[in-house]
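Novice: The file below is query-v3.pdb, PDB, C-alpha atoms, pLDDT in the B column:
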```pdb
ATOM      1  CA  SER A   1       0.000   0.000   0.000  1.00 73.00           C
ATOM      2  CA  ALA A   2       0.963   3.670  -0.116  1.00 81.00           C
ATOM      3  CA  VAL A   3       1.052   6.301   2.590  1.00 91.00           C
ATOM      4  CA  ILE A   4      -1.202   9.149   1.527  1.00 95.00           C
ATOM      5  CA  SER A   5      -1.521  12.376   3.457  1.00 96.00           C
ATOM      6  CA  GLN A   6      -3.888  15.256   2.983  1.00 97.00           C
ATOM      7  CA  LYS A   7      -3.855  18.806   4.274  1.00 97.00           C
ATOM      8  CA  PRO A   8      -5.860  20.277   5.839  1.00 97.00           C
ATOM      9  CA  SER A   9      -7.660  17.461   7.634  1.00 96.00           C
ATOM     10  CA  ARG A  10     -10.637  19.730   8.171  1.00 96.00           C
ATOM     11  CA  ASP A  11     -11.664  23.318   7.677  1.00 97.00           C
ATOM     12  CA  ILE A  12     -14.604  25.628   8.177  1.00 97.00           C
ATOM     13  CA  CYS A  13     -14.944  28.215   5.451  1.00 97.00           C
ATOM     14  CA  GLN A  14     -17.153  31.119   4.571  1.00 97.00           C
ATOM     15  CA  ARG A  15     -19.414  31.149   1.558  1.00 97.00           C
ATOM     16  CA  GLY A  16     -17.735  32.595  -1.533  1.00 97.00           C
ATOM     17  CA  THR A  17     -14.186  31.750  -0.528  1.00 97.00           C
ATOM     18  CA  SER A  18     -11.882  29.055  -1.933  1.00 98.00           C
ATOM     19  CA  LEU A  19      -9.949  26.256  -0.287  1.00 98.00           C
ATOM     20  CA  THR A  20      -7.009  24.307  -1.693  1.00 98.00           C
ATOM     21  CA  ILE A  21      -6.533  20.740  -0.489  1.00 98.00           C
ATOM     22  CA  GLN A  22      -3.159  19.077  -0.826  1.00 98.00           C
ATOM     23  CA  CYS A  23      -2.471  15.381  -1.353  1.00 97.00           C
ATOM     24  CA  GLN A  24       0.987  13.861  -0.910  1.00 97.00           C
ATOM     25  CA  VAL A  25       1.909  10.240  -1.644  1.00 95.00           C
ATOM     26  CA  ASP A  26       5.064   8.539  -0.400  1.00 94.00           C
ATOM     27  CA  SER A  27       5.797   6.925  -3.764  1.00 90.00           C
ATOM     28  CA  GLN A  28       5.435   7.846  -7.410  1.00 91.00           C
ATOM     29  CA  VAL A  29       2.039   6.912  -8.783  1.00 89.00           C
ATOM     30  CA  THR A  30       0.609   7.313 -12.232  1.00 85.00           C
ATOM     31  CA  MET A  31      -3.054   7.582 -11.332  1.00 85.00           C
ATOM     32  CA  MET A  32      -4.381  10.034  -8.733  1.00 93.00           C
ATOM     33  CA  PHE A  33      -8.021  10.827  -8.177  1.00 95.00           C
ATOM     34  CA  TRP A  34     -10.189  13.213  -6.231  1.00 97.00           C
ATOM     35  CA  TYR A  35     -13.487  12.074  -4.730  1.00 96.00           C
ATOM     36  CA  ARG A  36     -16.245  13.744  -2.796  1.00 96.00           C
ATOM     37  CA  GLN A  37     -18.310  11.996  -0.138  1.00 94.00           C
ATOM     38  CA  GLN A  38     -21.301  13.909   1.123  1.00 90.00           C
ATOM     39  CA  PRO A  39     -22.794  13.014   4.500  1.00 83.00           C
ATOM     40  CA  GLY A  40     -24.308   9.542   4.476  1.00 80.00           C
ATOM     41  CA  GLN A  41     -23.473   9.059   0.808  1.00 85.00           C
ATOM     42  CA  SER A  42     -21.057   6.942  -1.159  1.00 86.00           C
ATOM     43  CA  LEU A  43     -18.053   8.147  -3.100  1.00 92.00           C
ATOM     44  CA  THR A  44     -18.416  10.380  -6.138  1.00 92.00           C
ATOM     45  CA  LEU A  45     -15.465  10.754  -8.461  1.00 93.00           C
ATOM     46  CA  ILE A  46     -14.707  14.410  -9.220  1.00 95.00           C
ATOM     47  CA  ALA A  47     -11.733  14.028 -11.549  1.00 95.00           C
ATOM     48  CA  THR A  48      -8.588  12.182 -12.480  1.00 93.00           C
ATOM     49  CA  ALA A  49      -5.457  14.227 -11.838  1.00 93.00           C
ATOM     50  CA  ASN A  50      -3.085  13.721 -14.754  1.00 85.00           C
ATOM     51  CA  GLN A  51       0.589  14.524 -14.399  1.00 85.00           C
ATOM     52  CA  GLY A  52       1.688  17.075 -16.953  1.00 82.00           C
ATOM     53  CA  SER A  53      -1.747  17.703 -18.439  1.00 83.00           C
ATOM     54  CA  GLU A  54      -5.195  18.942 -17.508  1.00 87.00           C
ATOM     55  CA  ALA A  55      -7.326  16.895 -15.201  1.00 92.00           C
ATOM     56  CA  THR A  56     -10.147  14.767 -16.602  1.00 92.00           C
ATOM     57  CA  TYR A  57     -13.451  15.728 -15.001  1.00 94.00           C
ATOM     58  CA  GLU A  58     -16.515  13.553 -14.474  1.00 91.00           C
ATOM     59  CA  SER A  59     -19.975  14.602 -15.514  1.00 90.00           C
ATOM     60  CA  GLY A  60     -21.260  17.365 -13.269  1.00 92.00           C
ATOM     61  CA  PHE A  61     -17.853  18.696 -12.276  1.00 95.00           C
ATOM     62  CA  VAL A  62     -16.019  21.522 -14.031  1.00 95.00           C
ATOM     63  CA  ILE A  63     -12.540  22.942 -13.933  1.00 96.00           C
ATOM     64  CA  ASP A  64     -13.653  26.437 -12.938  1.00 97.00           C
ATOM     65  CA  LYS A  65     -15.250  25.098  -9.771  1.00 97.00           C
ATOM     66  CA  PHE A  66     -12.668  22.391  -8.953  1.00 97.00           C
ATOM     67  CA  PRO A  67      -9.295  23.311 -10.447  1.00 97.00           C
ATOM     68  CA  ILE A  68      -6.705  20.571 -10.000  1.00 96.00           C
ATOM     69  CA  SER A  69      -2.938  20.614 -10.204  1.00 95.00           C
ATOM     70  CA  ARG A  70      -0.601  17.636 -10.600  1.00 95.00           C
ATOM     71  CA  PRO A  71       2.927  18.977 -10.810  1.00 93.00           C
ATOM     72  CA  ASN A  72       4.644  15.615 -10.253  1.00 93.00           C
ATOM     73  CA  LEU A  73       3.993  11.930  -9.602  1.00 93.00           C
ATOM     74  CA  THR A  74       3.676  12.285  -5.817  1.00 94.00           C
ATOM     75  CA  PHE A  75       1.575  15.406  -5.326  1.00 96.00           C
ATOM     76  CA  SER A  76      -1.752  16.944  -6.325  1.00 96.00           C
ATOM     77  CA  THR A  77      -4.029  19.748  -5.198  1.00 97.00           C
ATOM     78  CA  LEU A  78      -7.766  20.248  -5.486  1.00 98.00           C
ATOM     79  CA  THR A  79      -9.267  23.710  -5.073  1.00 98.00           C
ATOM     80  CA  VAL A  80     -12.906  24.143  -4.177  1.00 98.00           C
ATOM     81  CA  SER A  81     -13.773  27.567  -5.570  1.00 98.00           C
ATOM     82  CA  ASN A  82     -16.474  30.066  -4.693  1.00 97.00           C
ATOM     83  CA  MET A  83     -17.791  27.739  -2.031  1.00 97.00           C
ATOM     84  CA  SER A  84     -21.403  27.354  -0.988  1.00 97.00           C
ATOM     85  CA  PRO A  85     -22.922  25.269   1.822  1.00 96.00           C
ATOM     86  CA  GLU A  86     -23.654  22.543  -0.762  1.00 95.00           C
ATOM     87  CA  ASP A  87     -19.901  21.992  -1.056  1.00 96.00           C
ATOM     88  CA  SER A  88     -19.759  20.811   2.556  1.00 96.00           C
ATOM     89  CA  SER A  89     -18.381  17.313   2.223  1.00 96.00           C
ATOM     90  CA  ILE A  90     -15.402  15.083   2.732  1.00 96.00           C
ATOM     91  CA  TYR A  91     -12.872  15.335  -0.080  1.00 98.00           C
ATOM     92  CA  LEU A  92     -10.681  12.296  -0.616  1.00 97.00           C
ATOM     93  CA  CYS A  93      -7.539  11.844  -2.618  1.00 97.00           C
ATOM     94  CA  SER A  94      -6.843   8.353  -3.904  1.00 95.00           C
ATOM     95  CA  VAL A  95      -4.239   6.485  -5.924  1.00 93.00           C
ATOM     96  CA  TYR A  96      -4.002   3.276  -7.878  1.00 86.00           C
ATOM     97  CA  LEU A  97      -1.250   0.847  -7.074  1.00 82.00           C
ATOM     98  CA  ALA A  98      -0.501  -2.214  -9.166  1.00 73.00           C
ATOM     99  CA  GLY A  99      -1.890  -5.327  -7.528  1.00 67.00           C
ATOM    100  CA  GLY A 100      -1.636  -8.967  -8.509  1.00 62.00           C
ATOM    101  CA  GLU A 101      -3.992  -8.838 -11.465  1.00 64.00           C
ATOM    102  CA  ASP A 102      -5.288  -5.304 -11.494  1.00 70.00           C
ATOM    103  CA  ASN A 103      -4.790  -1.943  -9.864  1.00 75.00           C
ATOM    104  CA  GLU A 104      -5.896  -1.517  -6.281  1.00 82.00           C
ATOM    105  CA  GLN A 105      -7.186   1.796  -5.060  1.00 87.00           C
ATOM    106  CA  PHE A 106      -6.110   3.398  -1.804  1.00 91.00           C
ATOM    107  CA  PHE A 107      -7.469   6.496  -0.137  1.00 94.00           C
ATOM    108  CA  GLY A 108      -6.024   9.347   1.821  1.00 96.00           C
ATOM    109  CA  PRO A 109      -7.485  10.274   5.214  1.00 96.00           C
ATOM    110  CA  GLY A 110      -9.787  12.891   3.712  1.00 96.00           C
ATOM    111  CA  THR A 111     -10.455  16.577   4.236  1.00 97.00           C
ATOM    112  CA  ARG A 112     -13.693  17.446   6.014  1.00 96.00           C
ATOM    113  CA  LEU A 113     -14.991  20.740   4.676  1.00 97.00           C
ATOM    114  CA  THR A 114     -17.803  22.740   6.230  1.00 96.00           C
ATOM    115  CA  VAL A 115     -19.049  25.825   4.399  1.00 97.00           C
ATOM    116  CA  LEU A 116     -21.084  28.300   6.406  1.00 96.00           C
TER     117      LEU A 116
ATOM    118  CA  GLN B 117     -24.302   3.715 -17.063  1.00 68.00           C
ATOM    119  CA  LYS B 118     -22.467   1.277 -14.863  1.00 73.00           C
ATOM    120  CA  GLU B 119     -24.251   0.728 -11.572  1.00 87.00           C
ATOM    121  CA  VAL B 120     -23.378  -1.000  -8.353  1.00 92.00           C
ATOM    122  CA  GLU B 121     -26.120  -1.661  -5.831  1.00 93.00           C
ATOM    123  CA  GLN B 122     -26.069  -2.578  -2.178  1.00 94.00           C
ATOM    124  CA  ASN B 123     -28.659  -2.657   0.576  1.00 87.00           C
ATOM    125  CA  SER B 124     -28.075   0.458   2.663  1.00 83.00           C
ATOM    126  CA  GLY B 125     -28.881  -1.318   5.904  1.00 84.00           C
ATOM    127  CA  PRO B 126     -28.354  -1.063   8.709  1.00 91.00           C
ATOM    128  CA  LEU B 127     -27.641  -4.753   8.923  1.00 95.00           C
ATOM    129  CA  SER B 128     -27.580  -5.792  12.557  1.00 96.00           C
ATOM    130  CA  VAL B 129     -26.015  -9.069  13.671  1.00 97.00           C
ATOM    131  CA  PRO B 130     -25.149 -10.351  17.133  1.00 97.00           C
ATOM    132  CA  GLU B 131     -21.521 -10.711  18.145  1.00 97.00           C
ATOM    133  CA  GLY B 132     -20.081 -14.017  16.976  1.00 97.00           C
ATOM    134  CA  ALA B 133     -22.556 -14.433  14.109  1.00 97.00           C
ATOM    135  CA  ILE B 134     -21.850 -14.397  10.384  1.00 97.00           C
ATOM    136  CA  ALA B 135     -22.526 -11.086   8.634  1.00 97.00           C
ATOM    137  CA  SER B 136     -23.428 -11.383   4.955  1.00 97.00           C
ATOM    138  CA  LEU B 137     -23.100  -8.327   2.728  1.00 97.00           C
ATOM    139  CA  ASN B 138     -24.301  -8.390  -0.855  1.00 96.00           C
ATOM    140  CA  CYS B 139     -23.583  -6.349  -3.960  1.00 96.00           C
ATOM    141  CA  THR B 140     -24.916  -6.522  -7.502  1.00 96.00           C
ATOM    142  CA  TYR B 141     -23.521  -4.814 -10.578  1.00 94.00           C
ATOM    143  CA  SER B 142     -24.857  -3.973 -13.986  1.00 91.00           C
ATOM    144  CA  ASP B 143     -21.824  -4.203 -16.272  1.00 85.00           C
ATOM    145  CA  ARG B 144     -21.372  -7.829 -17.284  1.00 84.00           C
ATOM    146  CA  GLY B 145     -17.874  -6.987 -18.504  1.00 84.00           C
ATOM    147  CA  SER B 146     -16.689  -6.000 -15.036  1.00 84.00           C
ATOM    148  CA  GLN B 147     -13.495  -7.763 -14.128  1.00 85.00           C
ATOM    149  CA  SER B 148     -12.305  -6.715 -10.687  1.00 90.00           C
ATOM    150  CA  PHE B 149     -14.261  -6.537  -7.462  1.00 93.00           C
ATOM    151  CA  PHE B 150     -13.299  -4.902  -4.211  1.00 94.00           C
ATOM    152  CA  TRP B 151     -14.655  -4.542  -0.697  1.00 96.00           C
ATOM    153  CA  TYR B 152     -13.819  -1.493   1.396  1.00 96.00           C
ATOM    154  CA  ARG B 153     -14.563  -0.864   5.047  1.00 97.00           C
ATOM    155  CA  GLN B 154     -15.238   2.679   6.193  1.00 95.00           C
ATOM    156  CA  TYR B 155     -15.494   3.595   9.829  1.00 95.00           C
ATOM    157  CA  SER B 156     -17.479   6.690  10.668  1.00 90.00           C
ATOM    158  CA  GLY B 157     -15.399   9.800  10.004  1.00 87.00           C
ATOM    159  CA  LYS B 158     -12.604   7.809   8.371  1.00 91.00           C
ATOM    160  CA  SER B 159     -11.595   7.097   4.780  1.00 92.00           C
ATOM    161  CA  PRO B 160     -12.325   3.779   3.037  1.00 94.00           C
ATOM    162  CA  GLU B 161      -9.888   0.939   3.682  1.00 93.00           C
ATOM    163  CA  LEU B 162      -9.404  -1.902   1.204  1.00 92.00           C
ATOM    164  CA  ILE B 163     -10.084  -5.245   2.875  1.00 93.00           C
ATOM    165  CA  MET B 164     -10.653  -7.739   0.061  1.00 91.00           C
ATOM    166  CA  PHE B 165     -10.474  -8.067  -3.675  1.00 91.00           C
ATOM    167  CA  ILE B 166     -11.543 -10.895  -5.959  1.00 93.00           C
ATOM    168  CA  TYR B 167     -11.166 -11.437  -9.678  1.00 91.00           C
ATOM    169  CA  SER B 168     -12.331 -15.012 -10.319  1.00 91.00           C
ATOM    170  CA  ASN B 169     -15.590 -16.828  -9.746  1.00 94.00           C
ATOM    171  CA  GLY B 170     -15.808 -18.648  -6.454  1.00 95.00           C
ATOM    172  CA  ASP B 171     -14.682 -17.920  -2.935  1.00 96.00           C
ATOM    173  CA  LYS B 172     -11.622 -16.152  -1.609  1.00 95.00           C
ATOM    174  CA  GLU B 173     -10.840 -16.315   2.084  1.00 96.00           C
ATOM    175  CA  ASP B 174      -8.689 -13.996   4.176  1.00 94.00           C
ATOM    176  CA  GLY B 175      -8.916 -14.552   7.904  1.00 96.00           C
ATOM    177  CA  ARG B 176     -12.494 -13.987   9.032  1.00 97.00           C
ATOM    178  CA  PHE B 177     -13.438 -12.517   5.648  1.00 97.00           C
ATOM    179  CA  THR B 178     -14.653 -14.444   2.604  1.00 97.00           C
ATOM    180  CA  ALA B 179     -15.452 -12.791  -0.704  1.00 97.00           C
ATOM    181  CA  GLN B 180     -17.731 -14.674  -3.089  1.00 97.00           C
ATOM    182  CA  LEU B 181     -18.077 -13.847  -6.765  1.00 96.00           C
ATOM    183  CA  ASN B 182     -20.664 -15.104  -9.227  1.00 95.00           C
ATOM    184  CA  LYS B 183     -20.179 -13.402 -12.580  1.00 93.00           C
ATOM    185  CA  ALA B 184     -23.077 -15.214 -14.236  1.00 93.00           C
ATOM    186  CA  SER B 185     -25.474 -13.742 -11.676  1.00 93.00           C
ATOM    187  CA  GLN B 186     -23.515 -10.488 -11.422  1.00 94.00           C
ATOM    188  CA  TYR B 187     -23.177 -10.435  -7.697  1.00 94.00           C
ATOM    189  CA  VAL B 188     -20.372 -10.336  -5.211  1.00 96.00           C
ATOM    190  CA  SER B 189     -20.724 -10.868  -1.495  1.00 97.00           C
ATOM    191  CA  LEU B 190     -18.644 -10.488   1.641  1.00 97.00           C
ATOM    192  CA  LEU B 191     -19.022 -12.820   4.598  1.00 97.00           C
ATOM    193  CA  ILE B 192     -17.617 -11.870   7.974  1.00 97.00           C
ATOM    194  CA  ARG B 193     -17.344 -14.803  10.349  1.00 98.00           C
ATOM    195  CA  ASP B 194     -17.314 -14.439  14.128  1.00 97.00           C
ATOM    196  CA  SER B 195     -18.443 -10.818  13.813  1.00 97.00           C
ATOM    197  CA  GLN B 196     -17.040  -8.422  16.382  1.00 97.00           C
ATOM    198  CA  PRO B 197     -18.307  -5.007  17.494  1.00 96.00           C
ATOM    199  CA  SER B 198     -15.159  -3.596  15.883  1.00 96.00           C
ATOM    200  CA  ASP B 199     -16.518  -4.768  12.518  1.00 97.00           C
ATOM    201  CA  SER B 200     -19.310  -2.200  12.819  1.00 97.00           C
ATOM    202  CA  ALA B 201     -18.757   0.091   9.848  1.00 96.00           C
ATOM    203  CA  THR B 202     -20.030   0.847   6.361  1.00 95.00           C
ATOM    204  CA  TYR B 203     -18.910  -1.641   3.726  1.00 97.00           C
ATOM    205  CA  LEU B 204     -18.483  -0.351   0.195  1.00 96.00           C
ATOM    206  CA  CYS B 205     -18.490  -2.614  -2.834  1.00 96.00           C
ATOM    207  CA  ALA B 206     -16.472  -1.404  -5.847  1.00 94.00           C
ATOM    208  CA  VAL B 207     -16.368  -2.811  -9.345  1.00 92.00           C
ATOM    209  CA  ARG B 208     -13.932  -2.126 -12.146  1.00 88.00           C
ATOM    210  CA  TYR B 209     -13.765  -2.945 -15.792  1.00 80.00           C
ATOM    211  CA  TYR B 210     -10.123  -3.250 -16.751  1.00 72.00           C
ATOM    212  CA  GLY B 211      -8.655   0.092 -17.714  1.00 73.00           C
ATOM    213  CA  GLN B 212     -11.584   2.075 -16.402  1.00 77.00           C
ATOM    214  CA  ASN B 213     -12.395   3.822 -13.156  1.00 83.00           C
ATOM    215  CA  PHE B 214     -13.802   2.158 -10.087  1.00 87.00           C
ATOM    216  CA  VAL B 215     -17.553   2.339  -9.589  1.00 90.00           C
ATOM    217  CA  PHE B 216     -18.610   2.347  -5.946  1.00 92.00           C
ATOM    218  CA  GLY B 217     -21.863   1.165  -4.457  1.00 93.00           C
ATOM    219  CA  PRO B 218     -23.734   3.221  -1.860  1.00 92.00           C
ATOM    220  CA  GLY B 219     -22.468   1.059   0.999  1.00 94.00           C
ATOM    221  CA  THR B 220     -24.099  -1.159   3.604  1.00 95.00           C
ATOM    222  CA  ARG B 221     -23.975  -0.104   7.233  1.00 95.00           C
ATOM    223  CA  LEU B 222     -23.191  -3.054   9.497  1.00 96.00           C
ATOM    224  CA  SER B 223     -23.858  -2.998  13.215  1.00 96.00           C
ATOM    225  CA  VAL B 224     -22.507  -5.854  15.351  1.00 97.00           C
ATOM    226  CA  LEU B 225     -24.323  -5.979  18.668  1.00 95.00           C
ATOM    227  CA  PRO B 226     -22.373  -7.083  21.756  1.00 93.00           C
TER     228      PRO B 226
END
```
Could you spell out this file's structure in structure tokens?
Specialist:
Amino acid sequence: SAVISQKPSRDICQRGTSLTIQCQVDSQVTMMFWYRQQPGQSLTLIATANQGSEATYESGFVIDKFPISRPNLTFSTLTVSNMSPEDSSIYLCSVYLAGGEDNEQFFGPGTRLTVL
Amino acid sequence: QKEVEQNSGPLSVPEGAIASLNCTYSDRGSQSFFWYRQYSGKSPELIMFIYSNGDKEDGRFTAQLNKASQYVSLLIRDSQPSDSATYLCAVRYYGQNFVFGPGTRLSVLP
């Protein structure tokens, strides 16, 4: 497995502001992802963070709202822009690591965001 | 649209019993199947994966896969209160992203 850290672990923000979440992995990984998990819900994939190119966003998520950086193979950031209370959620960074027959997915500890 | 379905629960079992968690998926071409455990306020933790039809055992956990019926299950033997968590099923078609189910909340009663 990989050791994945995220900063901040939690934050309380005001409506209209932006927050940047950092994800650091202890080894080089090709695939990094950002998920959102709203209270009582399952995981929703926001985007795939591609090293050296723009992120690939899932339906319903756009770059202007969730800009992503991936400057190298161990680090990525997700910014939640112009926040509203609906953005209150846990944001999770994850990576794929090669398993026996397929990739296995591991998650960071998450960032709990509350927007007032 | 690939879908993964699970009963949301809560599933309550007494301590020492077998907990049975079920998951069905829509994409017949799915190739890899994963079970994650998520404690309240924590991130998901991979506990089992299975690729082939049949059973795969790891300690108190057994994953069962039936591709013809498009279901995968997780059995937890000798359930402990510490097993109380939400269990997420995830399915992947090779080369594509994981698709997660909504999760089943398990409560093991002392």
Novice: Can you work out the spacing between atom CA of A:Gly52 and atom CA of A:Asp11 in Å, to one decimal?
Specialist: 28.7 Å
Novice: Restrict the distance test to only C-alpha atoms, flag each residue of chain A within 7 Å of chain B, and return the flagged residues as a PyMOL selection string.
Specialist: chain A and resi 41-43+106-110
Novice: Ranking B:Asp199, B:Ser136, B:Trp151, B:Gln186 by minimum distance to A:Glu104 and counting all atoms listed in the file, which one comes first?
Specialist: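 Ranking B:Asp199, B:Ser136, B:Trp151, B:Gln186 by distance to A:Glu104, first place goes to B:Trp151.
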Novice: Written as JSON, numbers by chain, what is the full residue list that the PyMOL selection byres ((chain B and resi 120) around 6) yields on the file shown?
Specialist: {"B": [119, 121, 140, 141, 217]}
Novice: Which residues would end up in the selection if the PyMOL selection byres ((chain B and resi 198) around 10) were applied here, given that I need the answer as a list in words?
Specialist: Glu131, Tyr155, Ser195, Gln196, Pro197, Asp199, Ser200, Ala201, Ser223, Val224, Leu225 and Pro226 of chain B
Novice: Tell me which protein, DNA and RNA residues are within 7 Å of B:Ala135, counting all atoms listed in the file, leaving out same-chain ones fewer than 3 positions away, and put them as a PyMOL selection string.
Specialist: chain B and resi 129+191-193+195
Novice: So the first atom is atom CA of A:Gln6 and the second is atom CA of A:Gln51; what is the distance between them in Å, to one decimal place?
Specialist: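 Answer for the atom CA of A:Gln6 to atom CA of A:Gln51 separation: 18.0 Å.
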Novice: List as a compact mmCIF listing (two decimals) with C-alpha atoms, in the frame of the given file the protein and nucleic acid residues near B:Asn138, meaning an atom at most 8 Å away when only C-alpha atoms are counted, but skip any in the same chain fewer than 4 places from it.
Specialist:
```
# COMPACT_ATOMS: atom_id res chain seq x y z
CA GLN B 122 -26.07 -2.58 -2.18
CA ASN B 123 -28.66 -2.66 0.58
CA TYR B 187 -23.18 -10.44 -7.70
CA VAL B 188 -20.37 -10.34 -5.21
CA SER B 189 -20.72 -10.87 -1.50
CA LEU B 190 -18.64 -10.49 1.64
```
